[in-house]
Each structure stands twice: as structure tokens, then as C-alpha cells.
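Enquirer: Input structure: structure38.txt, which contains compact mmCIF, C-alpha atoms.
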# COMPACT_ATOMS: atom_id res chain seq x y z
CA MET A 1 82.25 49.84 89.02
CA ALA A 2 81.21 48.52 85.58
CA VAL A 3 80.17 45.12 84.20
CA THR A 4 80.91 44.28 80.56
CA LEU A 5 77.91 43.24 78.50
CA GLY A 6 77.53 42.04 74.94
CA ARG A 7 77.75 44.35 71.91
CA ASN A 8 80.64 46.27 73.51
CA TYR A 9 78.34 47.74 76.19
CA THR A 10 79.44 48.23 79.78
CA PHE A 11 76.73 48.23 82.43
CA VAL A 12 77.36 50.96 84.99
CA SER A 13 76.65 50.08 88.64
CA GLU A 14 78.01 53.28 90.17
CA PHE A 15 78.67 56.85 89.10
CA ILE A 16 81.35 59.45 89.81
CA LEU A 17 80.12 62.96 90.67
CA ILE A 18 82.65 65.42 89.27
CA GLY A 19 80.74 68.68 89.68
CA PHE A 20 83.33 70.35 91.92
CA SER A 21 86.40 68.81 90.30
CA THR A 22 87.07 72.03 88.37
CA PHE A 23 87.39 73.95 91.65
CA PRO A 24 90.09 71.91 93.46
CA HIS A 25 91.49 74.85 95.42
CA LEU A 26 88.06 76.15 96.46
CA GLN A 27 86.55 72.94 97.81
CA LEU A 28 87.35 73.65 101.46
CA MET A 29 85.92 77.16 101.14
CA PHE A 30 82.83 75.75 99.41
CA PHE A 31 82.45 73.18 102.20
CA LEU A 32 82.52 75.80 104.95
CA LEU A 33 80.21 78.17 103.05
CA PHE A 34 77.65 75.50 102.14
CA LEU A 35 77.77 73.97 105.63
CA LEU A 36 76.99 77.38 107.14
CA MET A 37 74.15 77.95 104.64
CA TYR A 38 72.77 74.46 105.29
CA LEU A 39 72.77 74.98 109.06
CA VAL A 40 71.04 78.34 108.65
CA THR A 41 68.48 76.69 106.36
CA LEU A 42 67.77 73.93 108.89
CA LEU A 43 67.66 76.23 111.90
CA GLY A 44 65.54 78.81 110.08
CA ASN A 45 62.93 76.27 109.01
CA LEU A 46 62.91 74.58 112.42
CA LEU A 47 62.47 77.96 114.09
CA ILE A 48 59.52 78.74 111.81
CA MET A 49 57.91 75.37 112.59
CA VAL A 50 58.43 75.65 116.37
CA THR A 51 57.10 79.23 116.41
CA ILE A 52 53.97 78.26 114.46
CA TRP A 53 53.31 75.23 116.66
CA SER A 54 53.80 77.14 119.93
CA GLU A 55 51.97 80.37 119.03
CA HIS A 56 48.19 79.84 118.95
CA SER A 57 47.60 83.05 117.01
CA LEU A 58 49.48 81.45 114.08
CA HIS A 59 47.23 78.40 113.93
CA THR A 60 45.70 79.56 110.64
CA PRO A 61 45.72 78.06 107.13
CA MET A 62 48.45 80.40 105.88
CA TYR A 63 50.87 79.31 108.60
CA LEU A 64 49.85 75.65 108.29
CA PHE A 65 50.98 75.84 104.66
CA LEU A 66 54.16 77.65 105.68
CA CYS A 67 54.90 74.91 108.19
CA ALA A 68 54.40 72.25 105.50
CA LEU A 69 56.66 74.28 103.20
CA SER A 70 59.40 74.30 105.84
CA ILE A 71 59.13 70.53 106.25
CA SER A 72 59.43 69.94 102.49
CA GLU A 73 62.43 72.27 102.36
CA ILE A 74 64.21 70.43 105.17
CA PHE A 75 63.70 67.09 103.39
CA TYR A 76 64.74 68.56 100.02
CA THR A 77 68.03 69.91 101.34
CA PHE A 78 68.66 66.71 103.33
CA ALA A 79 68.39 64.70 100.10
CA ILE A 80 71.16 66.70 98.43
CA ILE A 81 73.40 68.82 100.65
CA PRO A 82 74.86 66.30 103.18
CA ARG A 83 76.07 64.13 100.30
CA MET A 84 77.48 67.20 98.54
CA LEU A 85 79.33 68.29 101.70
CA ALA A 86 80.82 64.81 102.13
CA ASP A 87 82.04 64.82 98.51
CA LEU A 88 83.72 68.18 99.00
CA LEU A 89 85.94 66.64 101.71
CA SER A 90 86.46 63.27 100.03
CA ALA A 91 88.79 62.15 97.28
CA LEU A 92 86.22 59.53 96.24
CA HIS A 93 83.06 60.93 94.69
CA SER A 94 81.39 57.66 93.73
CA ILE A 95 77.70 56.99 94.28
CA ALA A 96 75.94 53.66 93.79
CA LEU A 97 73.23 53.33 91.16
CA LEU A 98 70.51 52.76 93.78
CA ALA A 99 71.73 55.69 95.90
CA CYS A 100 71.71 57.89 92.80
CA ALA A 101 68.14 56.86 92.00
CA SER A 102 67.08 57.51 95.61
CA GLN A 103 68.63 60.97 95.58
CA MET A 104 66.85 61.83 92.33
CA PHE A 105 63.51 60.55 93.63
CA PHE A 106 63.63 62.48 96.91
CA SER A 107 64.98 65.69 95.37
CA PHE A 108 62.24 65.74 92.74
CA THR A 109 59.56 64.69 95.23
CA PHE A 110 60.32 67.42 97.74
CA GLY A 111 61.25 69.98 95.08
CA PHE A 112 57.88 69.69 93.34
CA THR A 113 56.05 69.41 96.67
CA HIS A 114 57.59 72.82 97.39
CA SER A 115 56.22 74.20 94.10
CA PHE A 116 52.74 72.79 94.73
CA LEU A 117 52.68 74.22 98.26
CA LEU A 118 53.66 77.65 96.96
CA THR A 119 50.72 77.39 94.56
CA VAL A 120 48.38 76.44 97.42
CA MET A 121 49.66 79.42 99.43
CA GLY A 122 48.87 81.69 96.48
CA TYR A 123 45.33 80.31 96.42
CA ASP A 124 45.06 80.89 100.19
CA ARG A 125 45.99 84.57 99.76
CA TYR A 126 43.50 84.85 96.86
CA VAL A 127 40.64 83.52 99.01
CA ALA A 128 41.65 85.66 102.03
CA ILE A 129 41.72 88.91 100.04
CA CYS A 130 39.15 88.35 97.29
CA HIS A 131 36.58 86.27 99.23
CA PRO A 132 37.14 87.08 102.93
CA LEU A 133 33.56 86.22 103.97
CA ARG A 134 33.91 82.70 102.53
CA TYR A 135 37.44 82.16 103.83
CA ASN A 136 36.52 79.97 106.81
CA VAL A 137 34.36 77.77 104.58
CA LEU A 138 36.82 77.44 101.67
CA MET A 139 39.82 77.10 103.98
CA SER A 140 38.38 74.74 106.58
CA PRO A 141 40.82 72.52 108.51
CA ARG A 142 39.75 69.53 106.43
CA GLY A 143 40.17 71.47 103.17
CA CYS A 144 43.63 72.72 104.18
CA ALA A 145 44.74 69.22 105.17
CA CYS A 146 43.58 67.92 101.78
CA LEU A 147 45.49 70.65 99.92
CA VAL A 148 48.68 69.83 101.84
CA ALA A 149 48.19 66.09 101.33
CA TRP A 150 47.60 66.50 97.59
CA SER A 151 50.73 68.66 97.33
CA TRP A 152 52.77 65.83 98.85
CA VAL A 153 51.05 63.25 96.65
CA GLY A 154 51.73 65.38 93.56
CA GLY A 155 55.39 65.72 94.51
CA SER A 156 55.66 61.96 95.05
CA VAL A 157 54.08 61.29 91.65
CA MET A 158 56.55 63.67 89.96
CA GLY A 159 59.48 62.02 91.74
CA THR A 160 58.27 58.54 90.80
CA VAL A 161 57.60 59.40 87.13
CA VAL A 162 60.95 61.13 86.54
CA THR A 163 63.07 58.59 88.45
CA THR A 164 61.35 55.59 86.87
CA ALA A 165 61.71 57.02 83.37
CA VAL A 166 65.42 57.81 83.80
CA PHE A 167 66.51 54.65 85.60
CA ASN A 168 64.64 52.33 83.25
CA LEU A 169 67.33 53.30 80.75
CA THR A 170 70.61 51.40 80.44
CA PHE A 171 73.78 53.23 81.43
CA CYS A 172 76.68 51.96 79.37
CA GLY A 173 79.54 54.23 80.39
CA PRO A 174 81.43 56.36 80.91
CA ASN A 175 80.16 56.78 84.45
CA GLU A 176 81.18 60.39 85.25
CA ILE A 177 78.22 62.67 86.03
CA HIS A 178 79.07 66.28 85.19
CA HIS A 179 77.26 67.62 88.24
CA PHE A 180 77.43 67.42 92.04
CA THR A 181 74.08 65.57 92.29
CA CYS A 182 72.27 62.92 90.27
CA HIS A 183 70.77 65.52 87.96
CA VAL A 184 68.71 64.39 84.96
CA PRO A 185 70.46 66.05 81.96
CA PRO A 186 74.01 64.86 82.76
CA LEU A 187 72.68 61.40 83.65
CA LEU A 188 70.87 61.07 80.32
CA LYS A 189 74.15 61.76 78.52
CA LEU A 190 75.47 58.52 80.03
CA ALA A 191 72.50 56.41 78.89
CA CYS A 192 72.45 54.27 75.77
CA GLY A 193 69.63 52.84 73.72
CA GLU A 194 67.16 53.98 71.11
CA ASN A 195 64.68 55.68 73.44
CA VAL A 196 67.04 58.04 75.31
CA LEU A 197 65.94 61.06 73.28
CA GLU A 198 62.25 60.28 73.84
CA VAL A 199 62.79 59.90 77.60
CA ALA A 200 64.74 63.17 77.72
CA LYS A 201 61.97 65.04 75.90
CA GLY A 202 59.28 63.39 78.02
CA VAL A 203 60.95 64.23 81.34
CA GLU A 204 61.63 67.80 80.20
CA THR A 205 58.02 68.25 79.09
CA VAL A 206 56.59 66.87 82.35
CA CYS A 207 58.84 69.03 84.55
CA ILE A 208 58.36 72.25 82.59
CA THR A 209 54.58 71.70 82.33
CA ALA A 210 54.28 71.17 86.09
CA LEU A 211 56.42 74.20 86.94
CA LEU A 212 54.72 76.49 84.42
CA GLY A 213 51.29 75.24 85.50
CA CYS A 214 52.03 76.13 89.12
CA PHE A 215 53.53 79.47 88.13
CA LEU A 216 50.55 80.42 85.96
CA LEU A 217 48.11 79.53 88.74
CA ILE A 218 50.08 81.76 91.13
CA LEU A 219 50.08 84.57 88.55
CA LEU A 220 46.32 84.17 88.12
CA SER A 221 45.80 84.32 91.89
CA TYR A 222 47.84 87.51 92.14
CA ALA A 223 46.08 89.08 89.16
CA PHE A 224 42.80 88.79 91.09
CA ILE A 225 44.51 89.89 94.32
CA VAL A 226 45.95 93.04 92.72
CA ALA A 227 42.59 93.87 91.12
CA THR A 228 40.88 93.54 94.50
CA ILE A 229 43.54 95.52 96.39
CA LEU A 230 43.29 98.42 93.91
CA LYS A 231 39.57 98.71 94.75
CA ILE A 232 40.33 99.33 98.45
CA PRO A 233 39.77 103.08 99.00
CA SER A 234 42.40 103.78 101.70
CA SER A 235 46.13 103.51 101.12
CA GLU A 236 46.50 101.99 104.59
CA GLY A 237 44.06 99.24 103.71
CA ARG A 238 45.85 98.55 100.42
CA HIS A 239 49.21 98.37 102.19
CA LYS A 240 47.86 96.05 104.89
CA ALA A 241 46.32 93.70 102.32
CA PHE A 242 49.46 93.54 100.19
CA SER A 243 51.75 93.08 103.22
CA THR A 244 50.13 89.68 103.87
CA CYS A 245 51.36 88.56 100.42
CA ALA A 246 54.82 90.16 100.35
CA SER A 247 56.84 87.28 101.81
CA HIS A 248 55.08 84.64 99.68
CA LEU A 249 55.46 86.68 96.52
CA THR A 250 59.17 87.25 97.20
CA VAL A 251 59.79 83.51 97.72
CA VAL A 252 57.85 82.73 94.53
CA VAL A 253 60.04 85.11 92.52
CA VAL A 254 63.22 83.58 93.98
CA HIS A 255 61.99 79.97 93.59
CA TYR A 256 60.79 80.25 90.00
CA GLY A 257 63.57 82.63 89.01
CA PHE A 258 66.25 80.09 89.87
CA ALA A 259 64.12 77.17 88.61
CA SER A 260 63.87 78.85 85.19
CA VAL A 261 67.67 79.06 85.11
CA ILE A 262 67.81 75.28 85.49
CA TYR A 263 64.91 74.16 83.29
CA LEU A 264 64.55 76.93 80.71
CA LYS A 265 68.19 77.76 79.98
CA PRO A 266 68.97 77.78 76.24
CA LYS A 267 70.45 74.65 74.73
CA GLY A 268 73.99 74.93 73.51
CA PRO A 269 77.58 74.41 74.64
CA LYS A 270 77.77 74.15 78.43
CA SER A 271 80.73 74.27 80.79
CA LEU A 272 81.02 72.10 83.88
CA GLU A 273 81.77 75.21 85.93
CA GLY A 274 78.62 76.97 84.66
CA ASP A 275 76.36 73.97 85.30
CA THR A 276 77.77 73.56 88.81
CA LEU A 277 77.28 77.21 89.74
CA MET A 278 73.74 77.26 88.31
CA GLY A 279 72.91 74.09 90.23
CA ILE A 280 74.10 75.70 93.47
CA THR A 281 71.61 78.56 93.06
CA TYR A 282 68.64 76.18 93.13
CA THR A 283 69.85 73.48 95.52
CA VAL A 284 71.61 75.63 98.13
CA LEU A 285 70.80 79.32 97.68
CA THR A 286 67.01 79.11 97.22
CA PRO A 287 66.39 76.97 100.36
CA PHE A 288 68.77 79.26 102.27
CA LEU A 289 66.86 82.42 101.31
CA SER A 290 63.33 81.08 101.83
CA PRO A 291 63.19 80.96 105.68
CA ILE A 292 65.06 84.26 105.89
CA ILE A 293 62.50 85.95 103.63
CA PHE A 294 59.53 84.55 105.54
CA SER A 295 61.08 85.48 108.89
CA LEU A 296 61.94 89.05 107.89
CA ARG A 297 59.09 89.94 105.52
CA ASN A 298 56.20 88.47 107.52
CA LYS A 299 55.52 90.89 110.38
CA GLU A 300 53.20 88.57 112.29
CA LEU A 301 55.68 85.69 112.21
CA LYS A 302 58.59 87.99 113.09
CA ASN A 303 56.73 89.35 116.13
CA ALA A 304 55.84 85.83 117.25
CA MET A 305 59.50 84.79 117.00
CA LYS A 306 60.56 87.80 119.08
CA LYS A 307 57.91 86.98 121.67
CA ALA A 308 59.01 83.35 121.84
CA PHE A 309 62.67 84.29 122.31
CA LEU A 310 61.92 86.96 124.91
CA SER A 311 59.75 84.55 126.86
CA LYS A 312 62.72 82.15 127.06
CA LEU A 313 65.30 84.80 127.91
CA TYR A 314 63.21 87.01 130.20
CA PRO A 315 60.27 84.92 131.44
CA GLU A 316 59.51 87.38 134.27
CA LYS A 317 58.81 90.17 131.74
CA ILE A 318 56.27 88.25 129.69
Here is the file; what I need is its structure written in the form of C-alpha cells.
Expert:
Amino acid sequence: MAVTLGRNYTFVSEFILIGFSTFPHLQLMFFLLFLLMYLVTLLGNLLIMVTIWSEHSLHTPMYLFLCALSISEIFYTFAIIPRMLADLLSALHSIALLACASQMFFSFTFGFTHSFLLTVMGYDRYVAICHPLRYNVLMSPRGCACLVAWSWVGGSVMGTVVTTAVFNLTFCGPNEIHHFTCHVPPLLKLACGENVLEVAKGVETVCITALLGCFLLILLSYAFIVATILKIPSSEGRHKAFSTCASHLTVVVVHYGFASVIYLKPKGPKSLEGDTLMGITYTVLTPFLSPIIFSLRNKELKNAMKKAFLSKLYPEKI
């Protein structure tokens, strides 16, 4: 829907998401695949949360942060994937201006909350390995709650800043977003006015600075961790220390690897197919892999899950 304004401008009140329009014969297959991945993502994160809550041995800072990470991931995928699945089955791909702004706010809020929590988890592993005697002091319940709270506050600030900056612009048409979500770059191409370029550069700078800042802090934490692990005399001790970081480090590589594809890709001619496929890696594939990695690579969590399942299936043997 569009309203004609003066100076030959047309005010856009809704958008059309055309991200999957170039794959008309694959939409049903995409729907089934993404639905399966979404259900696995939800069930995996819920299983992690239930296991942590029910197993008292997992009531530690590391698993508190993992639980918070699972919550942010559930909200992040809920902000994007159900709408995407509905569009794959619908002939109408329109989304109202307010709904588009809401989707952008929540996706950025929970996406950056995820990044901040990964940074906090890196700091937790740094304290546990490099300063074990001070761990209970530095990672007190109050301190951990503050770190989680500030991660959520930081994500909310990022979501508010980006969404406010983008939707303070005027959208004059056309109203077709070349993506399957309300993503910033294709939305900015639909905006008109003298300050569009400044807003685009500002949003890009804020997002890249936040992501790189988190990534550098994680790298710094692991630089100290590796230096400390190398000083451990026994190979068994080194392996045990590093095994506590393996799942987190793997998720960090996946998370920032796919994020760099989105935010640091070179400028130049882009195809709708390429942008859609790259968007899928970050919005669908990364959340899908995260609970699987934590469940399989974290021995303590994996054993707790097995124990929980066995206690339900064979209560007389536990």
C-alpha cells in the first residue's frame, strides 16, 4: 500500500518481501527443510534449558550463561523464521511498516544479545582457567546476573539504535525488499532523502564496531587461556582445560564466521539469490548448529542429558 505525497514522492506503508521469489519451484522444499531446522533449534535449546534447570551439578556460571544464550536464540529465531515459513507457503509476501520495524528491532536485539553473551562466556572461561582461585569471587551469582542483564540491555540498545535510525527515514517506493526479512541494506535502498547515505554508514559502523569489539574481547580471552594451558605440565591437564572451552570456541567460530559474511562482504554487484542464500546461513543455519554443538561437544552437558532421559525411560535403574 502506498500514499502519494508532494514532489512526486509516494509514502510506503507496507513492503513486499521477495527474497525467495527467484526460487519458485524450491519453496515447498525450503519450507520443509527450514521447518525441520527450526523445530530442531527450538527443541535443542529447550532441552539444554530443561537439563540445566533440572541438574543441580550444572548450576554454575558457565551453564547459566548457556541457558541465557539458549533463551536469546529462541527469541531471535522466533522473530524471523515463523514469518519466513508463512511467506514460503503464501502468494502474498507483504509486511506492514510497523511489523517490519518490529521484526528488525527484535532480530537485532536478540542477535546482538547473543554476541554479548558469547563474549561473557569467553570471559567466564578466562577466569576459570587463568584465575581459578578467584573464580567464585569474580563469578558470584550477583556478578553473573549483572553480566547477563547487561548483555540483554546492550542488545536492546543496539536494536533500538538501528531500528530508530532506519525507520526515521522516509520510504518513497518502490516497496519491494530484496530479502526474506526486513534487513537493513535492502531497506535503505528504498529510502529517500538527503541523509540516507549518512544513516547507512552510521548503522554499518555501529554494527561492525559492536561485532568486532566482541570478537576481539573473545580473542583476547583465548590468548590468555592458551598461554595458561600451555604452562600446564601434563598433557591430560591441558586436554581437560581446553575441553571446557571447545564447544564455546566452536560456536564462536560459526557465529562470527557467518556474521562476517553478512556484514563484511565486499561491496559490489549483488544477486538476489546470493543475498538470500547468505542470509539463510546466519538466520537459520547458525541457530540450528549452536545447540547441536553445545550438546555434542560439551561432555558434562551431554552426560546430564543422557542421565535425564534415562531417568524418564528407566526410572527403576537410576
Enquirer: Do a neighbour search on A:Leu89 at 9 Å with all atoms listed in the file, toss out local chain neighbours closer than 3 positions, and write the hits as a list of chain:residue names.
Expert: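 Here the answer would be A:Gln27, A:Leu28, A:Phe31, A:Leu85, A:Ala86, A:Leu92.
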Enquirer: Could you tell me how far atom CA of A:Ala241 lies from atom CA of A:Ala304, in Å and to one decimal?
Expert: 19.4 Å
Enquirer: Have a look at A:Leu26, A:Ser54, A:Gly274, A:Ile95 and name the one nearest to A:Cys182; count all atoms listed in the file.
Expert: A:Ile95
Enquirer: When distances are computed from all atoms listed in the file, which of A:Arg125, A:Ser72, A:Arg238, A:Leu277 shows the smallest separation from A:Ala149?
Expert: A:Ser72
Enquirer: Please identify all polymer residues within 8 Å of A:Phe224, counting all atoms listed in the file, omitting same-chain residues fewer than 3 positions from it, and present them as a PyMOL selection string.
Expert: chain A and resi 126+130+220-221+227-228
Enquirer: Which polymer residues have any atom within 10 Å of an atom of A:Phe116, counting all atoms listed in the file, with same-chain residues fewer than 5 positions away left out, as a count of residues only?
Expert: 18
Enquirer: Can you tell me how far atom CA of A:Asn45 sits from atom CA of A:Ile74, in Å to one decimal?
Expert: 7.1 Å
Enquirer: How would stretch 10-21 of chain A read, as a short mmCIF file (atom, residue, chain, number, x, y, z; two decimals), keeping the file's coordinate frame, once all heavy atoms are built in?
Expert:
data_model
loop_
_atom_site.label_atom_id
_atom_site.label_comp_id
_atom_site.auth_asym_id
_atom_site.auth_seq_id
_atom_site.Cartn_x
_atom_site.Cartn_y
_atom_site.Cartn_z
N THR A 10 79.00 48.40 78.40
CA THR A 10 79.44 48.23 79.78
C THR A 10 78.34 48.73 80.70
O THR A 10 77.97 49.90 80.64
CB THR A 10 80.73 49.00 80.04
OG1 THR A 10 81.73 48.55 79.13
CG2 THR A 10 81.21 48.78 81.46
N PHE A 11 77.80 47.85 81.51
CA PHE A 11 76.73 48.23 82.43
C PHE A 11 77.33 48.95 83.63
O PHE A 11 78.23 48.44 84.29
CB PHE A 11 75.96 46.99 82.89
CG PHE A 11 74.95 47.29 83.97
CD1 PHE A 11 73.79 47.97 83.67
CD2 PHE A 11 75.19 46.90 85.28
CE1 PHE A 11 72.86 48.25 84.66
CE2 PHE A 11 74.27 47.17 86.28
CZ PHE A 11 73.11 47.85 85.96
N VAL A 12 76.85 50.14 83.90
CA VAL A 12 77.36 50.96 84.99
C VAL A 12 76.58 50.66 86.27
O VAL A 12 75.35 50.71 86.28
CB VAL A 12 77.24 52.46 84.64
CG1 VAL A 12 77.64 53.32 85.83
CG2 VAL A 12 78.12 52.79 83.44
N SER A 13 77.30 50.36 87.35
CA SER A 13 76.65 50.08 88.64
C SER A 13 76.91 51.18 89.65
O SER A 13 76.34 51.17 90.74
CB SER A 13 77.11 48.74 89.20
OG SER A 13 78.52 48.74 89.39
N GLU A 14 77.79 52.12 89.32
CA GLU A 14 78.01 53.28 90.17
C GLU A 14 78.48 54.45 89.30
O GLU A 14 78.96 54.26 88.18
CB GLU A 14 79.02 53.00 91.27
CG GLU A 14 80.44 52.78 90.79
CD GLU A 14 81.42 52.59 91.94
OE1 GLU A 14 80.99 52.27 93.07
OE2 GLU A 14 82.63 52.78 91.69
N PHE A 15 78.30 55.64 89.83
CA PHE A 15 78.67 56.85 89.10
C PHE A 15 79.71 57.63 89.90
O PHE A 15 79.86 57.45 91.11
CB PHE A 15 77.45 57.74 88.87
CG PHE A 15 76.37 57.09 88.03
CD1 PHE A 15 75.23 56.57 88.63
CD2 PHE A 15 76.50 57.01 86.66
CE1 PHE A 15 74.24 55.98 87.87
CE2 PHE A 15 75.52 56.42 85.89
CZ PHE A 15 74.38 55.91 86.49
N ILE A 16 80.39 58.53 89.20
CA ILE A 16 81.35 59.45 89.81
C ILE A 16 80.82 60.87 89.63
O ILE A 16 80.60 61.31 88.50
CB ILE A 16 82.75 59.33 89.18
CG1 ILE A 16 83.21 57.87 89.15
CG2 ILE A 16 83.74 60.20 89.95
CD1 ILE A 16 83.41 57.25 90.50
N LEU A 17 80.60 61.58 90.73
CA LEU A 17 80.12 62.96 90.67
C LEU A 17 81.33 63.90 90.58
O LEU A 17 82.13 63.97 91.52
CB LEU A 17 79.29 63.28 91.92
CG LEU A 17 78.04 62.40 92.13
CD1 LEU A 17 77.47 62.63 93.52
CD2 LEU A 17 76.98 62.70 91.09
N ILE A 18 81.45 64.60 89.47
CA ILE A 18 82.65 65.42 89.27
C ILE A 18 82.32 66.91 89.19
O ILE A 18 83.07 67.70 88.64
CB ILE A 18 83.41 64.99 87.99
CG1 ILE A 18 82.53 65.19 86.75
CG2 ILE A 18 83.85 63.54 88.09
CD1 ILE A 18 83.30 65.01 85.44
N GLY A 19 81.18 67.30 89.78
CA GLY A 19 80.74 68.68 89.68
C GLY A 19 81.72 69.71 90.20
O GLY A 19 81.89 70.78 89.62
N PHE A 20 82.41 69.38 91.32
CA PHE A 20 83.33 70.35 91.92
C PHE A 20 84.79 70.08 91.56
O PHE A 20 85.68 70.71 92.12
CB PHE A 20 83.18 70.35 93.44
CG PHE A 20 81.87 70.94 93.91
CD1 PHE A 20 80.86 70.11 94.40
CD2 PHE A 20 81.65 72.30 93.87
CE1 PHE A 20 79.66 70.65 94.83
CE2 PHE A 20 80.46 72.85 94.29
CZ PHE A 20 79.45 72.03 94.77
N SER A 21 85.02 69.16 90.64
CA SER A 21 86.40 68.81 90.30
C SER A 21 87.14 69.95 89.61
O SER A 21 88.38 69.97 89.60
CB SER A 21 86.43 67.57 89.39
OG SER A 21 85.74 67.84 88.17
#
